[in-house]
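Enquirer: Structure provided below as C-alpha cells; questions to follow.
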Amino acid sequence: MNELLSGAGSRDRFCQALEHPAAPWLLLAILPRFGIRRREAAMAATAQLTDLLAMNPATLKAVGLHPETITGIRAWQDKDTSHPALLEIAEALIACGQHGIHLVTWADADYPEALRHIHDAPLVLYILGDRALLGRDQIGIVGSRHATRPGLDHARRFAAELSRRELVVTSGLALGVDGAAHAGALDAGFPTIAVIGCGLDQIYPRQHQRLGQRVIEQGVLVSEYPPGTPARAAHFPQRNRIISGLSRGVLVVEAGLKSGSLITARLALEQGREVFAIPGSVHSPVARGCHHLIKQGARLVETVDDVLEELGAWWSLQAGEADPAREPGAPDLSRLGQREIAVFEALGYDPVSTDALSSATGLAADQLMQSLLLLELEGLASSAPGGYLRIA
C-alpha cells in the first residue's frame, strides 16, 4: 500500500473509499483485460454495466470475460485489500478528497450526453471546477504547439467571439493554439473547458500552471486519469477523443501535416462532428495540415459566422449585436487614422516588406513604422520573416 492507505485504520479507510458511489465505475475503468470490445459485449448482456460486479464466476465467464478480469471482480466482492486494482481506486478516491476533485461517472445524470455516445467513452471523468459546463454546447479549438503569432491571434479572437455566441470553448491546455484559445475565452469573461492527459494535480505543461488555475476558477478542468498520473505521450491521443466527443464541432487553427490536431479532427469526423479549418499561407508549414483537412472536406473558415452557419442557425448572432456598417467578419478600423488604414489596406496575408509598404503608401520609413506599431497594438498586423502581414 502507499502512504494514503498505510498505518493505523488503513483497512477502514480502504473500505470507506470503496463505498464511494464512483468506486464501481472506477473499478470497471481499470479492470485488467476489460477493453472496449469486452466492455461492449458486457453492456449488451447486462441492464447496467455495474451488474457485472455482483455476478458469480461462472456467469462472468459466460459473458466472455477474461480470467484476469474475473479475478479483479472477485477481489471487489471480497474487498481484498491486496489486489492492485482495488488499491488503485481506493488511493484515487482518497486523493480526490484531498485535492477537492469531483467525479462524474457513466451513471450520473450530468454525464455529458454528447460524450456518452462516442466509441470508447470514458466511464469516469475527474473534474475541478463547474461540472455544469460539461452539459453546455461546446466548440473544440485545437492547433499547433508551435503556432505563429497570427495563429495565436486567430485562436484568441475566435475563442472570444464563439464564447460570446454562447458556445463553450474546449481545448487541451497545450502550448500554442490550445492555450491561446483558453486565454481568449477567459480574457473575454467567459468560461472554458480544458481536457488534460494527466492527473488534475499534475497540470501539464508547467508553463500553463497559472492558466490551468484560471480554467478551474472560471471553467472546468477535466481528465480521465486519477490524481498522481503524470503526463505521458500515449495519453494525448486518448485525451483528444474527449475534446472532440464533448464538442459539436472542432476548429483547427494551425497544424502541420503530422500534428496531433489532425488526430483530433479525424476523431471528430468519426464521431459525426463538424470539422472546420482556417486556411493560411501556402508557404507556412503550420498551414499545411489545415489545407489538407480542407481538401478532405473540412469547412474552410474565415469568420465566426462560417462556423455558426455550419452548426445551425440557432447559434446565429442575436438581434442588435451586429454592426450594420461592417461586413460580417470585417475588422473594425474605426479607431484608426487615415495613415494606419492606408498601411493596413496595403498589407496582405503573406509578408510584405517595409520597402514595398513604403512604396505602396508613400510614407517615410519613420511614419510607416509608427503606423505598423499601432496596427500591431490593435491586433491587426504582425511582424513575420520577410516583413509584415495582416491578421484580421
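Residues in the C-alpha cells are numbered from 1 in each chain, the chains being A, B, ... in the order shown, and ligands are numbered from 1 in the order shown.
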Which residues come within 8 Å of region 150-153 of chain A, counting only C-alpha atoms, excluding same-chain residues fewer than 4 positions away, as a PyMOL selection string?

Expert: chain A and resi 157+176-177+180-181+253-254+379+382+391

Enquirer: Tell me, as a ChimeraX atom specification, which residues lie within 12 Å of His83 (chain A), counting only C-alpha atoms; anything in the same chain fewer than 4 positions away does not count.

Expert: /A:1,14,27,31-32,68-69,71-79,87-90

Enquirer: Produce a file of the selected residues containing C-alpha atoms, as an mmCIF file, in the first residue's frame.

Expert:
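Result written to again_16.cif:
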data_model
loop_
_atom_site.group_PDB
_atom_site.id
_atom_site.type_symbol
_atom_site.label_atom_id
_atom_site.label_comp_id
_atom_site.auth_asym_id
_atom_site.auth_seq_id
_atom_site.Cartn_x
_atom_site.Cartn_y
_atom_site.Cartn_z
ATOM 1 C CA MET A 1 0.000 0.000 0.000
ATOM 2 C CA PHE A 14 -9.842 1.319 2.313
ATOM 3 C CA LEU A 27 -13.032 -0.417 -10.988
ATOM 4 C CA LEU A 31 -10.074 -3.845 -14.673
ATOM 5 C CA PRO A 32 -7.373 -5.843 -16.479
ATOM 6 C CA GLU A 68 -7.853 -11.780 -15.043
ATOM 7 C CA THR A 69 -10.972 -9.608 -15.232
ATOM 8 C CA THR A 71 -10.198 -12.241 -10.611
ATOM 9 C CA GLY A 72 -10.493 -8.457 -10.239
ATOM 10 C CA ILE A 73 -14.256 -8.692 -9.794
ATOM 11 C CA ARG A 74 -13.846 -11.462 -7.210
ATOM 12 C CA ALA A 75 -11.401 -9.233 -5.332
ATOM 13 C CA TRP A 76 -14.046 -6.473 -5.350
ATOM 14 C CA GLN A 77 -16.628 -8.851 -3.944
ATOM 15 C CA ASP A 78 -14.207 -9.965 -1.199
ATOM 16 C CA LYS A 79 -12.863 -6.426 -0.541
ATOM 17 C CA LEU A 87 -5.702 -0.437 -4.084
ATOM 18 C CA GLU A 88 -5.572 1.867 -7.094
ATOM 19 C CA ILE A 89 -9.188 3.003 -6.851
ATOM 20 C CA ALA A 90 -9.020 3.441 -3.071
#

Enquirer: Using only C-alpha atoms, can you tell me which of A:His99, A:Arg339, A:Arg116, A:His283 comes closest to Gly228 (chain A)?

Expert: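 Of A:His99, A:Arg339, A:Arg116, A:His283, the one nearest Gly228 (chain A) is A:His99, counting only C-alpha atoms.
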
Enquirer: What does the distance from CA of Glu166 (chain A) to CA of Ile294 (chain A) come to in Å, to one decimal?

Expert: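 Rounded to one decimal, the two atoms are 25.7 Å apart.
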
Enquirer: So which one's closest to Pro122 (chain A), A:Ala342, A:Leu65, A:Ala29, A:Ala233? Using only C-alpha atoms, please.

Expert: A:Ala29

Enquirer: For a quick check of understanding, using only C-alpha atoms, which of A:Arg164, A:Arg13, A:Lys258, A:Arg38 has the smallest distance to Thr81 (chain A)?

Expert: A:Arg13

Enquirer: I want to know what sits within 9 Å of Ile243 (chain A), based on only C-alpha atoms, with residues of the same chain fewer than 4 positions away left out; could you give that as a list in words?

Expert: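 Surrounding residues, per the criterion: Ile139, Gly140, Ile141, Thr170, Ser171, Gly172, Ile193, Ala194, Val195, Arg239, Ser247, Val250, Thr264 and Ala268 of chain A.
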
Enquirer: Take the residues that were just selected and, keeping N, CA and C atoms, output them as a short mmCIF file (atom, residue, chain, number, x, y, z; two decimals), in the first residue's frame.

Expert:
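As a result, again12.cif now contains:
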data_model
loop_
_atom_site.label_atom_id
_atom_site.label_comp_id
_atom_site.auth_asym_id
_atom_site.auth_seq_id
_atom_site.Cartn_x
_atom_site.Cartn_y
_atom_site.Cartn_z
N ILE A 139 -17.51 24.04 -28.52
CA ILE A 139 -16.75 24.03 -29.75
C ILE A 139 -15.29 23.76 -29.40
N GLY A 140 -14.71 22.73 -29.99
CA GLY A 140 -13.30 22.45 -29.76
C GLY A 140 -12.44 23.35 -30.62
N ILE A 141 -11.38 23.90 -30.03
CA ILE A 141 -10.40 24.69 -30.78
C ILE A 141 -9.04 24.09 -30.51
N THR A 170 -13.63 24.46 -25.81
CA THR A 170 -12.99 23.30 -25.20
C THR A 170 -11.69 23.01 -25.93
N SER A 171 -10.62 22.80 -25.17
CA SER A 171 -9.32 22.50 -25.78
C SER A 171 -8.49 21.69 -24.80
N GLY A 172 -7.18 21.57 -25.10
CA GLY A 172 -6.35 20.64 -24.36
C GLY A 172 -5.27 21.22 -23.49
N ILE A 193 -13.33 24.98 -21.08
CA ILE A 193 -13.11 23.61 -20.60
C ILE A 193 -11.77 23.13 -21.13
N ALA A 194 -10.92 22.63 -20.23
CA ALA A 194 -9.62 22.09 -20.62
C ALA A 194 -9.58 20.61 -20.27
N VAL A 195 -9.28 19.79 -21.26
CA VAL A 195 -9.14 18.35 -21.06
C VAL A 195 -7.66 18.02 -21.11
N ARG A 239 -6.78 11.70 -24.85
CA ARG A 239 -7.39 12.97 -24.43
C ARG A 239 -8.14 13.63 -25.58
N SER A 247 -17.57 18.11 -27.96
CA SER A 247 -17.83 19.28 -28.79
C SER A 247 -18.81 18.99 -29.92
N VAL A 250 -15.14 20.86 -34.26
CA VAL A 250 -13.76 21.15 -33.91
C VAL A 250 -13.17 22.10 -34.94
N THR A 264 -7.22 14.77 -33.66
CA THR A 264 -8.48 15.27 -33.10
C THR A 264 -9.52 15.45 -34.20
N ALA A 268 -13.03 13.58 -34.59
CA ALA A 268 -14.27 14.34 -34.69
C ALA A 268 -15.13 13.84 -35.84
#

Enquirer: Give the alpha helix (DSSP H) residues of region 152-258 of chain A, as assigned by DSSP on the backbone, as a PyMOL selection string.

Expert: chain A and resi 152-164+177-187+209-218+235-246

Enquirer: For Leu133 (chain A), which of A:Gln202, A:Gln213, A:Gln218, A:Gln207 is the closest residue, counting only C-alpha atoms?

Expert: A:Gln218

Enquirer: Which of region 85-179 of chain A counts as strand (DSSP E) under DSSP, as a ChimeraX atom specification please?

Expert: /A:102-105,124-129,138-142,168-171

Enquirer: Nearest to Pro237 (chain A) among A:His292, A:Arg266, A:Arg273, A:His208, with distances taken over only C-alpha atoms: which residue is it?

Expert: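 Distance minimum relative to Pro237 (chain A) lands on A:Arg266.
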
Enquirer: Please report the interatomic distance between CA of Leu28 (chain A) and CA of Gly212 (chain A) in Å with one decimal.

Expert: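 Computing the Euclidean distance for CA of Leu28 (chain A) and CA of Gly212 (chain A) yields 28.8 Å.
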
Enquirer: Within 8 Å of Val222 (chain A), counting only C-alpha atoms, which residues qualify if same-chain residues fewer than 2 places away don't, as JSON, numbers by chain?

Expert: {"A": [125, 126, 127, 128, 193, 194, 195, 196, 200, 220, 224]}

Enquirer: Here is a test: counting only C-alpha atoms, which residue of A:Gly362, A:Gly143, A:Gly129, A:Gly199 is nearest to Ala287 (chain A)?

Expert: A:Gly143

Enquirer: So how far away is CA of Ser223 (chain A) from CA of Leu49 (chain A), in Å?

Expert: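 CA of Ser223 (chain A) lies 21.4 Å from CA of Leu49 (chain A).
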
Enquirer: Which neighbours of Phe158 (chain A) fall inside 8 Å, counting only C-alpha atoms, when residues of the same chain fewer than 6 positions from it are skipped, and could you give them as a ChimeraX atom specification?

Expert: /A:181,184,303-304

Enquirer: Generate the output file for the selected residues, C-alpha atoms, as a short mmCIF file (atom, residue, chain, number, x, y, z; two decimals), in the first residue's frame.

Expert:
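Contents of out_6.cif, as written:
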data_model
loop_
_atom_site.label_atom_id
_atom_site.label_comp_id
_atom_site.auth_asym_id
_atom_site.auth_seq_id
_atom_site.Cartn_x
_atom_site.Cartn_y
_atom_site.Cartn_z
CA ALA A 181 -7.96 29.58 -27.16
CA GLY A 184 -9.10 34.17 -25.38
CA THR A 303 -15.11 34.21 -39.80
CA VAL A 304 -17.02 33.02 -36.76
#
